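Just input-v7.pdb here, PDB, C-alpha atoms:
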```pdb
ATOM      1  CA  MET D  14     -46.004 -30.297  -0.404  1.00  0.00           C
ATOM      2  CA  ALA D  15     -49.691 -30.924   0.132  1.00  0.00           C
ATOM      3  CA  HIS D  16     -51.552 -28.490   2.318  1.00  0.00           C
ATOM      4  CA  ALA D  17     -54.657 -29.137   4.377  1.00  0.00           C
ATOM      5  CA  PRO D  18     -57.711 -27.329   3.021  1.00  0.00           C
ATOM      6  CA  ARG D  19     -58.259 -23.971   4.632  1.00  0.00           C
ATOM      7  CA  ARG D  20     -61.227 -23.686   6.899  1.00  0.00           C
ATOM      8  CA  THR D  21     -64.000 -21.469   5.579  1.00  0.00           C
ATOM      9  CA  ASP D  22     -65.956 -19.380   8.076  1.00  0.00           C
ATOM     10  CA  VAL D  23     -69.542 -20.550   8.197  1.00  0.00           C
ATOM     11  CA  THR D  24     -72.083 -17.852   7.382  1.00  0.00           C
ATOM     12  CA  GLY D  25     -75.800 -17.896   6.834  1.00  0.00           C
ATOM     13  CA  SER D  26     -78.672 -18.646   9.173  1.00  0.00           C
ATOM     14  CA  ALA D  27     -78.255 -19.363  12.872  1.00  0.00           C
ATOM     15  CA  LEU D  28     -78.898 -23.038  12.116  1.00  0.00           C
ATOM     16  CA  VAL D  29     -76.093 -23.194   9.545  1.00  0.00           C
ATOM     17  CA  ARG D  30     -73.658 -21.398  11.856  1.00  0.00           C
ATOM     18  CA  LEU D  31     -74.546 -23.638  14.785  1.00  0.00           C
ATOM     19  CA  LEU D  32     -74.151 -26.824  12.765  1.00  0.00           C
ATOM     20  CA  GLY D  33     -70.817 -25.570  11.441  1.00  0.00           C
ATOM     21  CA  ARG D  34     -69.599 -24.931  14.975  1.00  0.00           C
ATOM     22  CA  LEU D  35     -70.734 -28.321  16.251  1.00  0.00           C
ATOM     23  CA  ALA D  36     -69.186 -30.056  13.261  1.00  0.00           C
ATOM     24  CA  GLU D  37     -65.863 -28.336  14.048  1.00  0.00           C
ATOM     25  CA  ALA D  38     -65.272 -27.981  10.324  1.00  0.00           C
ATOM     26  CA  GLY D  39     -65.583 -25.254   7.775  1.00  0.00           C
ATOM     27  CA  ALA D  40     -68.282 -25.149   5.150  1.00  0.00           C
ATOM     28  CA  PRO D  41     -67.247 -25.084   1.495  1.00  0.00           C
ATOM     29  CA  ALA D  42     -67.731 -21.686  -0.057  1.00  0.00           C
ATOM     30  CA  SER D  43     -70.417 -21.517  -2.710  1.00  0.00           C
ATOM     31  CA  ASN D  44     -69.949 -19.519  -5.894  1.00  0.00           C
ATOM     32  CA  GLN D  45     -73.662 -19.671  -6.697  1.00  0.00           C
ATOM     33  CA  VAL D  46     -76.006 -16.796  -5.995  1.00  0.00           C
ATOM     34  CA  PHE D  47     -79.550 -17.459  -4.820  1.00  0.00           C
ATOM     35  CA  PRO D  48     -81.251 -17.262  -8.263  1.00  0.00           C
ATOM     36  CA  GLU D  49     -78.834 -19.868  -9.621  1.00  0.00           C
ATOM     37  CA  ARG D  50     -79.540 -22.215  -6.723  1.00  0.00           C
ATOM     38  CA  LEU D  51     -83.271 -21.674  -7.062  1.00  0.00           C
ATOM     39  CA  SER D  52     -83.179 -22.456 -10.780  1.00  0.00           C
ATOM     40  CA  GLN D  53     -81.749 -25.883  -9.998  1.00  0.00           C
ATOM     41  CA  TRP D  54     -84.794 -26.662  -7.846  1.00  0.00           C
ATOM     42  CA  LEU D  55     -87.394 -25.470 -10.361  1.00  0.00           C
ATOM     43  CA  GLY D  56     -88.890 -27.930 -12.791  1.00  0.00           C
ATOM     44  CA  TRP D  57     -90.564 -26.614 -15.920  1.00  0.00           C
ATOM     45  CA  ALA D  58     -94.028 -26.906 -14.355  1.00  0.00           C
ATOM     46  CA  ASP D  59     -92.834 -25.017 -11.269  1.00  0.00           C
ATOM     47  CA  ALA D  60     -91.332 -22.291 -13.438  1.00  0.00           C
ATOM     48  CA  ILE D  61     -94.629 -21.867 -15.303  1.00  0.00           C
ATOM     49  CA  SER D  62     -96.568 -21.624 -12.028  1.00  0.00           C
ATOM     50  CA  LEU D  63     -94.152 -19.076 -10.583  1.00  0.00           C
ATOM     51  CA  HIS D  64     -94.201 -17.022 -13.794  1.00  0.00           C
ATOM     52  CA  ALA D  65     -98.000 -16.992 -13.708  1.00  0.00           C
ATOM     53  CA  ALA D  66     -97.992 -15.832 -10.074  1.00  0.00           C
ATOM     54  CA  LEU D  67     -95.511 -13.052 -10.812  1.00  0.00           C
ATOM     55  CA  GLY D  68     -96.660 -12.112 -14.285  1.00  0.00           C
ATOM     56  CA  GLY D  69    -100.015 -10.465 -13.697  1.00  0.00           C
ATOM     57  CA  ALA D  70    -100.657  -6.813 -14.348  1.00  0.00           C
ATOM     58  CA  ALA D  71     -99.125  -4.513 -11.764  1.00  0.00           C
ATOM     59  CA  VAL D  72    -101.542  -3.254  -9.141  1.00  0.00           C
ATOM     60  CA  PRO D  73    -101.625   0.568  -9.030  1.00  0.00           C
ATOM     61  CA  ALA D  74    -100.035   1.984  -5.898  1.00  0.00           C
ATOM     62  CA  ALA D  75    -103.159   4.010  -5.130  1.00  0.00           C
ATOM     63  CA  ALA D  76    -105.161   0.781  -5.008  1.00  0.00           C
ATOM     64  CA  THR D  77    -102.841  -0.849  -2.490  1.00  0.00           C
ATOM     65  CA  PRO D  78    -102.560   1.349   0.578  1.00  0.00           C
ATOM     66  CA  GLY D  79    -100.493   0.095   3.485  1.00  0.00           C
ATOM     67  CA  PRO D  80    -102.284  -2.374   5.727  1.00  0.00           C
ATOM     68  CA  ALA D  81    -104.630  -0.805   8.228  1.00  0.00           C
ATOM     69  CA  ALA D  82    -104.953  -2.039  11.783  1.00  0.00           C
ATOM     70  CA  PRO D  83    -105.172  -5.839  11.730  1.00  0.00           C
ATOM     71  CA  SER D  84    -108.696  -7.179  11.494  1.00  0.00           C
ATOM     72  CA  PRO D  85    -110.133  -9.534  14.127  1.00  0.00           C
ATOM     73  CA  VAL D  86    -109.375 -12.462  11.817  1.00  0.00           C
ATOM     74  CA  VAL D  87    -105.748 -11.390  11.436  1.00  0.00           C
ATOM     75  CA  ARG D  88    -105.386 -10.774  15.174  1.00  0.00           C
ATOM     76  CA  ALA D  89    -106.730 -14.268  15.815  1.00  0.00           C
ATOM     77  CA  LEU D  90    -104.208 -15.726  13.372  1.00  0.00           C
ATOM     78  CA  ALA D  91    -101.403 -13.770  15.039  1.00  0.00           C
ATOM     79  CA  ASP D  92    -102.456 -15.139  18.427  1.00  0.00           C
ATOM     80  CA  GLU D  93    -102.609 -18.639  16.972  1.00  0.00           C
ATOM     81  CA  SER D  94     -99.098 -18.184  15.586  1.00  0.00           C
ATOM     82  CA  ARG D  95     -97.791 -17.118  18.975  1.00  0.00           C
ATOM     83  CA  ARG D  96     -99.421 -20.075  20.711  1.00  0.00           C
ATOM     84  CA  LEU D  97     -98.119 -22.522  18.133  1.00  0.00           C
ATOM     85  CA  HIS D  98     -94.565 -21.190  18.337  1.00  0.00           C
ATOM     86  CA  ALA D  99     -94.678 -21.335  22.149  1.00  0.00           C
ATOM     87  CA  SER D 100     -96.052 -24.882  22.067  1.00  0.00           C
ATOM     88  CA  LEU D 101     -93.392 -26.124  19.657  1.00  0.00           C
ATOM     89  CA  ARG D 102     -90.693 -24.353  21.640  1.00  0.00           C
ATOM     90  CA  GLN D 103     -91.938 -25.942  24.865  1.00  0.00           C
ATOM     91  CA  ALA D 104     -91.882 -29.385  23.242  1.00  0.00           C
ATOM     92  CA  ILE D 105     -88.259 -28.799  22.216  1.00  0.00           C
ATOM     93  CA  ASP D 106     -87.225 -27.619  25.686  1.00  0.00           C
ATOM     94  CA  THR D 107     -89.013 -30.439  27.540  1.00  0.00           C
ATOM     95  CA  PRO D 108     -86.895 -33.587  27.954  1.00  0.00           C
ATOM     96  CA  PRO D 109     -88.688 -36.721  26.759  1.00  0.00           C
ATOM     97  CA  ALA D 110     -90.142 -39.146  29.263  1.00  0.00           C
ATOM     98  CA  GLY D 111     -87.454 -41.393  30.703  1.00  0.00           C
ATOM     99  CA  ASP D 112     -84.615 -38.976  29.934  1.00  0.00           C
ATOM    100  CA  ALA D 113     -83.739 -38.437  33.586  1.00  0.00           C
ATOM    101  CA  ALA D 114     -83.808 -42.178  34.179  1.00  0.00           C
ATOM    102  CA  ASP D 115     -81.398 -42.610  31.282  1.00  0.00           C
ATOM    103  CA  ASP D 116     -78.994 -40.158  32.931  1.00  0.00           C
ATOM    104  CA  ALA D 117     -79.084 -42.159  36.155  1.00  0.00           C
ATOM    105  CA  GLY D 118     -78.839 -45.552  34.488  1.00  0.00           C
ATOM    106  CA  GLU D 119     -75.790 -47.472  33.406  1.00  0.00           C
ATOM    107  CA  PRO D 120     -74.625 -45.892  30.134  1.00  0.00           C
ATOM    108  CA  ALA D 121     -73.420 -47.890  27.192  1.00  0.00           C
ATOM    109  CA  ALA D 122     -69.742 -47.835  26.311  1.00  0.00           C
ATOM    110  CA  VAL D 123     -70.619 -46.314  22.937  1.00  0.00           C
ATOM    111  CA  PRO D 124     -73.567 -43.871  22.980  1.00  0.00           C
ATOM    112  CA  ASP D 125     -76.539 -45.032  20.927  1.00  0.00           C
ATOM    113  CA  PHE D 126     -77.722 -42.216  18.691  1.00  0.00           C
ATOM    114  CA  ALA D 127     -80.820 -44.039  17.408  1.00  0.00           C
ATOM    115  CA  PRO D 128     -83.217 -42.803  20.169  1.00  0.00           C
ATOM    116  CA  LEU D 129     -81.958 -39.251  19.702  1.00  0.00           C
ATOM    117  CA  ARG D 130     -82.419 -39.491  15.944  1.00  0.00           C
ATOM    118  CA  ARG D 131     -86.027 -40.627  16.478  1.00  0.00           C
ATOM    119  CA  LEU D 132     -86.580 -37.774  18.939  1.00  0.00           C
ATOM    120  CA  TYR D 133     -85.197 -35.194  16.512  1.00  0.00           C
ATOM    121  CA  ARG D 134     -87.278 -36.495  13.623  1.00  0.00           C
ATOM    122  CA  SER D 135     -90.429 -36.537  15.733  1.00  0.00           C
ATOM    123  CA  ARG D 136     -89.884 -32.860  16.599  1.00  0.00           C
ATOM    124  CA  GLN D 137     -89.326 -32.087  12.901  1.00  0.00           C
ATOM    125  CA  GLN D 138     -92.528 -33.892  11.936  1.00  0.00           C
ATOM    126  CA  ALA D 139     -94.484 -31.999  14.605  1.00  0.00           C
ATOM    127  CA  MET D 140     -93.200 -28.660  13.287  1.00  0.00           C
ATOM    128  CA  GLU D 141     -93.994 -29.498   9.677  1.00  0.00           C
ATOM    129  CA  ALA D 142     -97.463 -30.837  10.476  1.00  0.00           C
ATOM    130  CA  ALA D 143     -98.430 -27.749  12.494  1.00  0.00           C
ATOM    131  CA  ILE D 144     -96.806 -24.902  10.556  1.00  0.00           C
ATOM    132  CA  GLY D 145     -98.010 -25.908   7.080  1.00  0.00           C
ATOM    133  CA  PRO D 146    -101.760 -25.558   7.807  1.00  0.00           C
ATOM    134  CA  LEU D 147    -101.175 -22.271   9.670  1.00  0.00           C
ATOM    135  CA  ARG D 148     -99.282 -20.881   6.680  1.00  0.00           C
ATOM    136  CA  ALA D 149    -102.180 -21.862   4.404  1.00  0.00           C
ATOM    137  CA  ARG D 150    -104.675 -20.003   6.622  1.00  0.00           C
ATOM    138  CA  LEU D 151    -102.450 -16.933   6.609  1.00  0.00           C
ATOM    139  CA  ARG D 152    -102.371 -17.035   2.806  1.00  0.00           C
ATOM    140  CA  GLN D 153    -106.161 -17.195   2.710  1.00  0.00           C
ATOM    141  CA  ALA D 154    -106.418 -14.126   4.940  1.00  0.00           C
ATOM    142  CA  LEU D 155    -103.855 -12.261   2.851  1.00  0.00           C
ATOM    143  CA  ALA D 156    -105.606 -13.127  -0.413  1.00  0.00           C
ATOM    144  CA  ALA D 157    -108.866 -11.733   0.968  1.00  0.00           C
ATOM    145  CA  GLN D 158    -107.229  -8.455   1.973  1.00  0.00           C
ATOM    146  CA  SER D 159    -106.376  -6.876  -1.392  1.00  0.00           C
ATOM    147  CA  ALA D 160    -105.314  -7.584  -4.960  1.00  0.00           C
ATOM    148  CA  ALA D 161    -101.675  -7.137  -3.963  1.00  0.00           C
ATOM    149  CA  GLY D 162    -102.226  -9.486  -1.046  1.00  0.00           C
ATOM    150  CA  ALA D 163    -103.741 -12.075  -3.335  1.00  0.00           C
ATOM    151  CA  ARG D 164    -100.682 -11.828  -5.594  1.00  0.00           C
ATOM    152  CA  LEU D 165     -98.317 -12.295  -2.665  1.00  0.00           C
ATOM    153  CA  ALA D 166    -100.354 -15.227  -1.322  1.00  0.00           C
ATOM    154  CA  GLU D 167    -100.178 -16.901  -4.727  1.00  0.00           C
ATOM    155  CA  VAL D 168     -96.405 -16.435  -4.888  1.00  0.00           C
ATOM    156  CA  ASP D 169     -96.051 -17.903  -1.391  1.00  0.00           C
ATOM    157  CA  ALA D 170     -98.172 -20.896  -2.390  1.00  0.00           C
ATOM    158  CA  VAL D 171     -96.001 -21.563  -5.435  1.00  0.00           C
ATOM    159  CA  MET D 172     -92.785 -21.137  -3.464  1.00  0.00           C
ATOM    160  CA  THR D 173     -94.118 -23.553  -0.858  1.00  0.00           C
ATOM    161  CA  GLN D 174     -94.798 -26.111  -3.562  1.00  0.00           C
ATOM    162  CA  VAL D 175     -91.310 -25.636  -5.027  1.00  0.00           C
ATOM    163  CA  LEU D 176     -89.223 -25.333  -1.880  1.00  0.00           C
ATOM    164  CA  ALA D 177     -90.986 -27.657   0.584  1.00  0.00           C
ATOM    165  CA  PRO D 178     -89.479 -30.872  -0.876  1.00  0.00           C
ATOM    166  CA  GLN D 179     -86.005 -29.300  -0.886  1.00  0.00           C
ATOM    167  CA  GLU D 180     -86.440 -28.013   2.656  1.00  0.00           C
ATOM    168  CA  ARG D 181     -87.607 -31.442   3.804  1.00  0.00           C
ATOM    169  CA  ARG D 182     -84.651 -33.141   2.117  1.00  0.00           C
ATOM    170  CA  LEU D 183     -82.060 -30.749   3.552  1.00  0.00           C
ATOM    171  CA  LEU D 184     -83.450 -30.670   7.086  1.00  0.00           C
ATOM    172  CA  ALA D 185     -83.644 -34.475   7.110  1.00  0.00           C
ATOM    173  CA  THR D 186     -79.829 -34.498   6.994  1.00  0.00           C
ATOM    174  CA  VAL D 187     -79.469 -32.581  10.271  1.00  0.00           C
ATOM    175  CA  PRO D 188     -79.678 -35.616  12.610  1.00  0.00           C
ATOM    176  CA  GLY D 189     -76.907 -37.290  10.635  1.00  0.00           C
ATOM    177  CA  LEU D 190     -74.722 -34.218  11.169  1.00  0.00           C
ATOM    178  CA  LEU D 191     -75.285 -34.432  14.919  1.00  0.00           C
ATOM    179  CA  GLU D 192     -74.283 -38.080  15.356  1.00  0.00           C
ATOM    180  CA  PRO D 193     -70.509 -37.479  14.889  1.00  0.00           C
ATOM    181  CA  ARG D 194     -70.790 -34.599  17.346  1.00  0.00           C
ATOM    182  CA  LEU D 195     -72.296 -36.975  19.928  1.00  0.00           C
ATOM    183  CA  ARG D 196     -69.391 -39.403  19.587  1.00  0.00           C
ATOM    184  CA  ARG D 197     -66.769 -36.655  19.846  1.00  0.00           C
ATOM    185  CA  LEU D 198     -68.469 -35.174  22.890  1.00  0.00           C
ATOM    186  CA  ALA D 199     -68.756 -38.562  24.615  1.00  0.00           C
ATOM    187  CA  ALA D 200     -65.052 -39.205  24.013  1.00  0.00           C
ATOM    188  CA  SER D 201     -64.023 -35.784  25.294  1.00  0.00           C
ATOM    189  CA  GLN D 202     -66.126 -36.182  28.454  1.00  0.00           C
ATOM    190  CA  ALA D 203     -65.037 -39.747  29.240  1.00  0.00           C
ATOM    191  CA  GLU D 204     -62.866 -38.724  32.196  1.00  0.00           C
ATOM    192  CA  ALA D 205     -65.768 -36.826  33.769  1.00  0.00           C
ATOM    193  CA  GLY D 206     -67.920 -39.959  33.717  1.00  0.00           C
ATOM    194  CA  PRO D 207     -69.563 -42.215  31.153  1.00  0.00           C
ATOM    195  CA  ALA D 208     -72.785 -40.157  31.164  1.00  0.00           C
ATOM    196  CA  ALA D 209     -71.234 -36.694  31.384  1.00  0.00           C
ATOM    197  CA  TRP D 210     -71.987 -36.038  27.714  1.00  0.00           C
ATOM    198  CA  ARG D 211     -75.749 -36.379  28.138  1.00  0.00           C
ATOM    199  CA  PRO D 212     -76.711 -32.934  29.533  1.00  0.00           C
ATOM    200  CA  LEU D 213     -74.235 -31.197  27.240  1.00  0.00           C
ATOM    201  CA  PHE D 214     -75.483 -32.905  24.102  1.00  0.00           C
ATOM    202  CA  ARG D 215     -79.115 -32.442  25.153  1.00  0.00           C
ATOM    203  CA  GLN D 216     -78.527 -28.685  25.318  1.00  0.00           C
ATOM    204  CA  GLU D 217     -76.903 -28.705  21.887  1.00  0.00           C
ATOM    205  CA  LEU D 218     -79.720 -30.788  20.406  1.00  0.00           C
ATOM    206  CA  GLN D 219     -82.286 -28.359  21.780  1.00  0.00           C
ATOM    207  CA  ALA D 220     -80.332 -25.381  20.426  1.00  0.00           C
ATOM    208  CA  VAL D 221     -80.304 -26.899  16.941  1.00  0.00           C
ATOM    209  CA  LEU D 222     -84.031 -27.643  17.094  1.00  0.00           C
ATOM    210  CA  ARG D 223     -84.779 -24.067  18.210  1.00  0.00           C
ATOM    211  CA  ALA D 224     -82.737 -22.720  15.302  1.00  0.00           C
ATOM    212  CA  GLU D 225     -84.636 -25.012  12.918  1.00  0.00           C
ATOM    213  CA  LEU D 226     -87.951 -23.840  14.368  1.00  0.00           C
ATOM    214  CA  ASP D 227     -86.959 -20.238  13.670  1.00  0.00           C
ATOM    215  CA  ILE D 228     -86.192 -21.101  10.033  1.00  0.00           C
ATOM    216  CA  ARG D 229     -89.488 -22.920   9.589  1.00  0.00           C
ATOM    217  CA  PHE D 230     -91.368 -19.970  11.099  1.00  0.00           C
ATOM    218  CA  GLN D 231     -89.839 -17.306   8.854  1.00  0.00           C
ATOM    219  CA  PRO D 232     -92.565 -17.599   6.165  1.00  0.00           C
ATOM    220  CA  VAL D 233     -95.203 -17.288   8.896  1.00  0.00           C
ATOM    221  CA  LEU D 234     -93.591 -14.087  10.150  1.00  0.00           C
ATOM    222  CA  GLY D 235     -93.402 -12.741   6.600  1.00  0.00           C
ATOM    223  CA  LEU D 236     -97.095 -13.396   5.982  1.00  0.00           C
ATOM    224  CA  LEU D 237     -98.024 -11.828   9.314  1.00  0.00           C
ATOM    225  CA  ALA D 238     -95.993  -8.738   8.416  1.00  0.00           C
ATOM    226  CA  ALA D 239     -97.804  -8.520   5.069  1.00  0.00           C
ATOM    227  CA  LEU D 240    -101.077  -8.713   7.014  1.00  0.00           C
ATOM    228  CA  GLY D 241    -100.044  -5.702   9.110  1.00  0.00           C
ATOM    229  CA  VAL D 242     -98.831  -7.485  12.243  1.00  0.00           C
ATOM    230  CA  LYS D 243     -95.838  -5.420  13.275  1.00  0.00           C
ATOM    231  CA  GLN D 244     -94.232  -7.859  15.712  1.00  0.00           C
ATOM    232  CA  ALA D 245     -95.621 -11.341  16.018  1.00  0.00           C
ATOM    233  CA  PHE D 246     -93.742 -12.473  19.120  1.00  0.00           C
ATOM    234  CA  GLU D 247     -90.442 -12.399  20.953  1.00  0.00           C
ATOM    235  CA  HIS D 248     -88.065 -15.328  20.739  1.00  0.00           C
ATOM    236  CA  ASP D 249     -84.401 -16.030  21.392  1.00  0.00           C
TER
END
```
Take the structure in the file and give it back as structure tokens.
Amino acid sequence: MAHAPRRTDVTGSALVRLLGRLAEAGAPASNQVFPERLSQWLGWADAISLHAALGGAAVPAAATPGPAAPSPVVRALADESRRLHASLRQAIDTPPAGDAADDAGEPAAVPDFAPLRRLYRSRQQAMEAAIGPLRARLRQALAAQSAAGARLAEVDAVMTQVLAPQERRLLATVPGLLEPRLRRLAASQAEAGPAAWRPLFRQELQAVLRAELDIRFQPVLGLLAALGVKQAFEHD
């Protein structure tokens, strides 16, 4: 007798767990460890660049003391990072113009996901456009700090070159994962009213965007830590 596939508990980042919960389905277990996955994304030119970044002579420990108090330049970059994160978070939490009017208007029998897909992609584009240049400035500051910092900045630059296309491709699939959730939610809320799904799905959409923002900001936090910034900012 055939058996339904067993559900696999979703692990990983907050974004992956949240998407797994909203999808109401388990994620297939992966037998690959991170180096194996990474090797599939590396072309030969990428591998050469990464080897060059990692293959220099080791810097003596005595020549690389722990970071002192952050310099004025680093403090300014930390403040810029905080402001940028707050600005992107505010954009996520602010309903778009006309959203309230949509709630009050006559809803369609079948919810149209197209405007929400455009909204999600516009938030993604804003994050990518703002975080990339900030990350480059943080690398410049780190490279100017010490030989070890220059090595780490070079590795980050290579990893950005290698992983950015994969990150862009994977995150571009998120709106498509949310569309089935919208239709299930609208069906489950039909008795409460034809627009009852709107505030619920808006909250879920914002939660997913916040989780994606946290993932995109992880390299920024890592560079700030390497620059001696103990705690960049608080976030949920």
* To do: Would you list the contacts of region 123-138 of chain D as number ranges by chain, taking every protein, DNA or RNA residue within 10 Å and counting only C-alpha atoms, but skipping same-chain residues closer than 6 positions in sequence?
  => D: 101-102, 104-105, 108-109, 181, 184-185, 187-189, 191-193, 195-196, 199-200, 207-208, 210-211, 215, 218-219, 221-222, 225-226, 229
* On this file, the PyMOL selection byres ((chain D and resi 91-94) around 9) gives some set of residues; write that set as a count of residues only. => 18
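CA of Leu35 (chain D) lies 23.3 Å from CA of Gln231 (chain D).
Between CA of Ala224 (chain D) and CA of Leu28 (chain D) lies a distance of 5.0 Å.
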* Write out as a PyMOL selection string the residues lying within 12 Å of Gln153 (chain D), counting only C-alpha atoms and excluding same-chain residues fewer than 3 positions away. => chain D and resi 86-87+90+146-150+156-159+162-167+169-170+236-237+240
Selected residues written out with C-alpha atoms, as a PDB file, in the coordinates of the input:
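Saved as result17.pdb:
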```pdb
ATOM      1  CA  VAL D  86    -109.375 -12.462  11.817  1.00  0.00           C
ATOM      2  CA  VAL D  87    -105.748 -11.390  11.436  1.00  0.00           C
ATOM      3  CA  LEU D  90    -104.208 -15.726  13.372  1.00  0.00           C
ATOM      4  CA  PRO D 146    -101.760 -25.558   7.807  1.00  0.00           C
ATOM      5  CA  LEU D 147    -101.175 -22.271   9.670  1.00  0.00           C
ATOM      6  CA  ARG D 148     -99.282 -20.881   6.680  1.00  0.00           C
ATOM      7  CA  ALA D 149    -102.180 -21.862   4.404  1.00  0.00           C
ATOM      8  CA  ARG D 150    -104.675 -20.003   6.622  1.00  0.00           C
ATOM      9  CA  ALA D 156    -105.606 -13.127  -0.413  1.00  0.00           C
ATOM     10  CA  ALA D 157    -108.866 -11.733   0.968  1.00  0.00           C
ATOM     11  CA  GLN D 158    -107.229  -8.455   1.973  1.00  0.00           C
ATOM     12  CA  SER D 159    -106.376  -6.876  -1.392  1.00  0.00           C
ATOM     13  CA  GLY D 162    -102.226  -9.486  -1.046  1.00  0.00           C
ATOM     14  CA  ALA D 163    -103.741 -12.075  -3.335  1.00  0.00           C
ATOM     15  CA  ARG D 164    -100.682 -11.828  -5.594  1.00  0.00           C
ATOM     16  CA  LEU D 165     -98.317 -12.295  -2.665  1.00  0.00           C
ATOM     17  CA  ALA D 166    -100.354 -15.227  -1.322  1.00  0.00           C
ATOM     18  CA  GLU D 167    -100.178 -16.901  -4.727  1.00  0.00           C
ATOM     19  CA  ASP D 169     -96.051 -17.903  -1.391  1.00  0.00           C
ATOM     20  CA  ALA D 170     -98.172 -20.896  -2.390  1.00  0.00           C
ATOM     21  CA  LEU D 236     -97.095 -13.396   5.982  1.00  0.00           C
ATOM     22  CA  LEU D 237     -98.024 -11.828   9.314  1.00  0.00           C
ATOM     23  CA  LEU D 240    -101.077  -8.713   7.014  1.00  0.00           C
TER      24      LEU D 240
END
```
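Of the listed residues (D:Ala82, D:Leu32, D:Ala239, D:Ala143), D:Leu32 comes nearest to Glu217 (chain D); the distances count all atoms listed in the file.
Remark: for Leu176 (chain D), the closest of the candidate residues D:Ala205, D:Pro85, D:Ala36, D:Pro232 is D:Pro232 (distances computed over only C-alpha atoms).
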Around region 26-34 of chain D, fit a box with edges along x, y and z, padding it by 3 Å on each side, then list its centre and edge lengths in Å to one decimal as AutoDock Vina command-line options.
```
--center_x -74.2 --center_y -22.7 --center_z 12.1 --size_x 15.3 --size_y 14.2 --size_z 11.8
```
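For the pair CA of Phe230 (chain D) and CA of Asp106 (chain D), the separation is 17.0 Å.
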* Counting all atoms listed in the file, the option among D:Ala160, D:Leu31, D:Phe214, D:Ala177 closest to Arg194 (chain D) ->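 Using all atoms listed in the file, the shortest distance to Arg194 (chain D) belongs to D:Phe214.
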